[in-house]
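One structure below.
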Amino acid sequence: MKETILHIGFDDTDSTKGMCTTFLAYKIVEYLKQEKVKFLDYPYLIRFNPNIPWKTRGNGAVALKISTKKPNAIKKKITWFIAKHSAIKDGANPGLVFYENKEIPKRFSEFGKTALCDVINRKKAKEFASENSLETFYIGNGQGLVGAIGAIGYDFRDFTYELISYRRKSNFGKKRQIIKDSVKMMQKATFPHTFNNFDESKDRVLIAPHGPDPVFFGVRGEDVDSVIKGASLVNSKEKFDGYMVFRSNQGTGDHLLKELDAKNLKPFSSGTLTGKVLEKPKIEMGGHVIFSIGTDNHKTNCAVYKPTGLAPLASKLIKGDIVKVGGGVRKASKNHERILNVEFLDVHKLEKNRILENPLCPKCKKHMKSRGKGQGYECKKCSQTSQNKISKEIPREIDEQLYLPMLSAHRHLTRPLQRMNRFNTTITFDNSKKWFYNSN
Ligand SMILES: [Zn+2]
């Protein structure tokens, strides 16, 4: 029998109450391993536009690329997995797609790019599927088809890896007992080949979620060996079920590559804007900072929220500064206008901050006093006079540099500082690496 190449993508199987698309992928890979299919790449974990409101948690989709002699049996079984294990009662709208072809046409990656920075409605996804002979399966409204299609065709401009370990069922819902110091040590031992494991400034473990989902912890990094090594250094009394390594767009900042059109800011789109600060930023109740920038004669309001840690810095901006901001567009409502939620602040050029003050007496080095409106200034000590105020430059409390949110406010896609000039571009797959492990 002939081998066929089968691309499998699925999304939106999870909910806020537990379950997780990557865990379902882990269970599906466990099954595929038993079926002795040939894997052609690591599983993909693709994060899409984090700024759309109906996403489930991280908006992550999974794709698998395999070669098999019995595609029909496999499709049937995977469809069963998705139907059985998706959290449909909790509001998941799972979507599953199969594509049997060696190559993935370019229009798939275009679709993925749009899903990353914009909003694609499910109708478009269904149309795309039928125009491109994708086999689809969905429950609910079919929103999951968007990520499922986007994931199989994802075009990595850069990528990272994440090893995700999963809990045994008997531990679901229980507190995760991870030894903090081991994560701290792991970070030191694997830097800069892993990232965002531990927040030194807050003395906080970042690798483990807190919810009822089956994820035990996840280690992110630049190569398969490093994430496996990192995970092996994490100590806990809890025995985990197994783990899987994903190729991912996490940490690439790919959702903020596109330059937004200031004249036509689409709600929920993500990207960047460069412009001149139009007025002194306002600090709102709760510590959020609002400012506006002008781009192509168009004013855009920007919000910097307190949890990002960027608000105190943003409050130091002044009129005339040139900045590039990246983030997502929040829809206008009754109470607020359309606004860009800032995810990073890149200060390109600082304006000189000048104030006018009374002239200095050259002899006494004291500020002169006003002699009344329009009558100039006079030194109270030696009576020296001067007509005009002098301009003084105030040092700025912000620099011309890139400012990122605090680690705890990083999103899955946020490019961490240590990855600023790092790009993984060569896709290689080494099946001899232990990218999948199951203790059962
Ligand atoms: Zn004087």
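Within each chain, counting starts at residue 1; across the structure tokens, chains are named A, B, ... in the order shown, with ligands numbered 1 upward in that order.
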To check your reading of the model: which residues sit at most 12 Å from ligand 1 when counting only C-alpha atoms and all ligand atoms? Write the answer as a list of chain:residue names.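 Going residue by residue within 12 Å of ligand 1, we get A:Pro359, A:Leu360, A:Cys361, A:Pro362, A:Lys363, A:Cys364, A:Lys365, A:Lys366, A:His367, A:Met368, A:Lys369, A:Tyr377, A:Glu378, A:Cys379, A:Lys380, A:Lys381, A:Cys382, A:Ser383, A:Gln384, A:Thr385, A:Ser386.
Within stretch 202-255 of chain A, the backbone-based DSSP assignment of alpha helix (DSSP H) covers Val224, Asp225, Ser226, Val227, Ile228, Lys229, Gly230, Ala231 and Ser232 of chain A.
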Shell of 10 Å around stretch 70-85 of chain A, only C-alpha atoms, local chain residues under 2 positions omitted, as a PyMOL selection string: chain A and resi 1-6+8+10-11+13-14+19-21+23-25+27-29+31-32+35+37+66-68+87-88+94-98+100+135-139
With C-alpha atoms retained, export the selected residues as an mmCIF file, in the first residue's frame.
data_model
loop_
_atom_site.group_PDB
_atom_site.id
_atom_site.type_symbol
_atom_site.label_atom_id
_atom_site.label_comp_id
_atom_site.auth_asym_id
_atom_site.auth_seq_id
_atom_site.Cartn_x
_atom_site.Cartn_y
_atom_site.Cartn_z
ATOM 1 C CA MET A 1 0.000 0.000 0.000
ATOM 2 C CA LYS A 2 1.070 3.535 -0.732
ATOM 3 C CA GLU A 3 2.189 5.938 1.963
ATOM 4 C CA THR A 4 0.234 9.188 2.125
ATOM 5 C CA ILE A 5 1.283 12.387 3.781
ATOM 6 C CA LEU A 6 -1.408 13.582 6.095
ATOM 7 C CA ILE A 8 -3.846 17.148 10.775
ATOM 8 C CA PHE A 10 -7.208 21.070 15.355
ATOM 9 C CA ASP A 11 -8.150 23.933 17.614
ATOM 10 C CA THR A 13 -11.044 21.871 22.022
ATOM 11 C CA ASP A 14 -10.424 23.337 25.449
ATOM 12 C CA MET A 19 -8.899 20.251 29.207
ATOM 13 C CA CYS A 20 -6.354 21.575 26.851
ATOM 14 C CA THR A 21 -5.740 21.235 23.131
ATOM 15 C CA PHE A 23 -3.107 17.435 26.007
ATOM 16 C CA LEU A 24 -5.469 16.090 23.407
ATOM 17 C CA ALA A 25 -2.551 16.266 20.952
ATOM 18 C CA LYS A 27 -3.128 11.599 23.622
ATOM 19 C CA ILE A 28 -3.489 11.529 19.820
ATOM 20 C CA VAL A 29 0.282 11.204 19.326
ATOM 21 C CA TYR A 31 -2.266 6.615 19.666
ATOM 22 C CA LEU A 32 -0.385 7.414 16.434
ATOM 23 C CA GLU A 35 -0.207 2.746 15.006
ATOM 24 C CA VAL A 37 2.854 6.051 11.692
ATOM 25 C CA ILE A 66 2.571 12.248 9.433
ATOM 26 C CA SER A 67 3.021 9.635 6.761
ATOM 27 C CA THR A 68 0.738 6.616 6.863
ATOM 28 C CA ALA A 87 -14.902 20.441 26.346
ATOM 29 C CA ILE A 88 -18.030 21.117 24.332
ATOM 30 C CA PRO A 94 -13.635 22.373 18.218
ATOM 31 C CA GLY A 95 -12.491 22.275 14.636
ATOM 32 C CA LEU A 96 -10.478 19.529 12.962
ATOM 33 C CA VAL A 97 -9.022 19.468 9.452
ATOM 34 C CA PHE A 98 -7.224 16.847 7.378
ATOM 35 C CA GLU A 100 -3.661 14.864 2.264
ATOM 36 C CA GLU A 135 -11.711 17.502 5.058
ATOM 37 C CA THR A 136 -13.279 19.158 8.048
ATOM 38 C CA PHE A 137 -15.032 18.141 11.195
ATOM 39 C CA TYR A 138 -16.416 20.523 13.761
ATOM 40 C CA ILE A 139 -18.795 20.748 16.644
#
Shell of 7 Å around stretch 293-303 of chain A, only C-alpha atoms, local chain residues under 6 positions omitted, as a PyMOL selection string: chain A and resi 262-263+274-278+339-342
Emit the selected residues as a PDB file, in the first residue's frame, including C-alpha atoms.
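As a result, out.pdb now contains:
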ATOM      1  CA  ALA A 262      -3.867  54.247  11.650  1.00  0.00           C
ATOM      2  CA  LYS A 263      -6.672  55.524   9.434  1.00  0.00           C
ATOM      3  CA  THR A 274       4.811  54.461  14.819  1.00  0.00           C
ATOM      4  CA  GLY A 275       4.000  58.065  15.563  1.00  0.00           C
ATOM      5  CA  LYS A 276       4.519  61.235  17.521  1.00  0.00           C
ATOM      6  CA  VAL A 277       3.155  61.564  21.026  1.00  0.00           C
ATOM      7  CA  LEU A 278       0.452  64.230  20.794  1.00  0.00           C
ATOM      8  CA  ILE A 339      -7.861  52.141  21.613  1.00  0.00           C
ATOM      9  CA  LEU A 340      -4.578  50.289  21.107  1.00  0.00           C
ATOM     10  CA  ASN A 341      -3.648  48.098  24.076  1.00  0.00           C
ATOM     11  CA  VAL A 342       0.127  48.438  24.251  1.00  0.00           C
TER      12      VAL A 342
END
All residues 8 Å or closer to stretch 179-195 of chain A, only C-alpha atoms, same chain fewer than 3 positions away omitted, as a list of chain:residue names: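 In the requested format, the answer is A:Phe198, A:Arg204, A:Val205, A:Val219, A:Arg220, A:Gly221, A:Glu222, A:Asp223, A:Ser226, A:Val227, A:Lys229, A:Gly230, A:Leu233, A:Val234, A:Asn235, A:Ser236, A:Pro416, A:Gln418.
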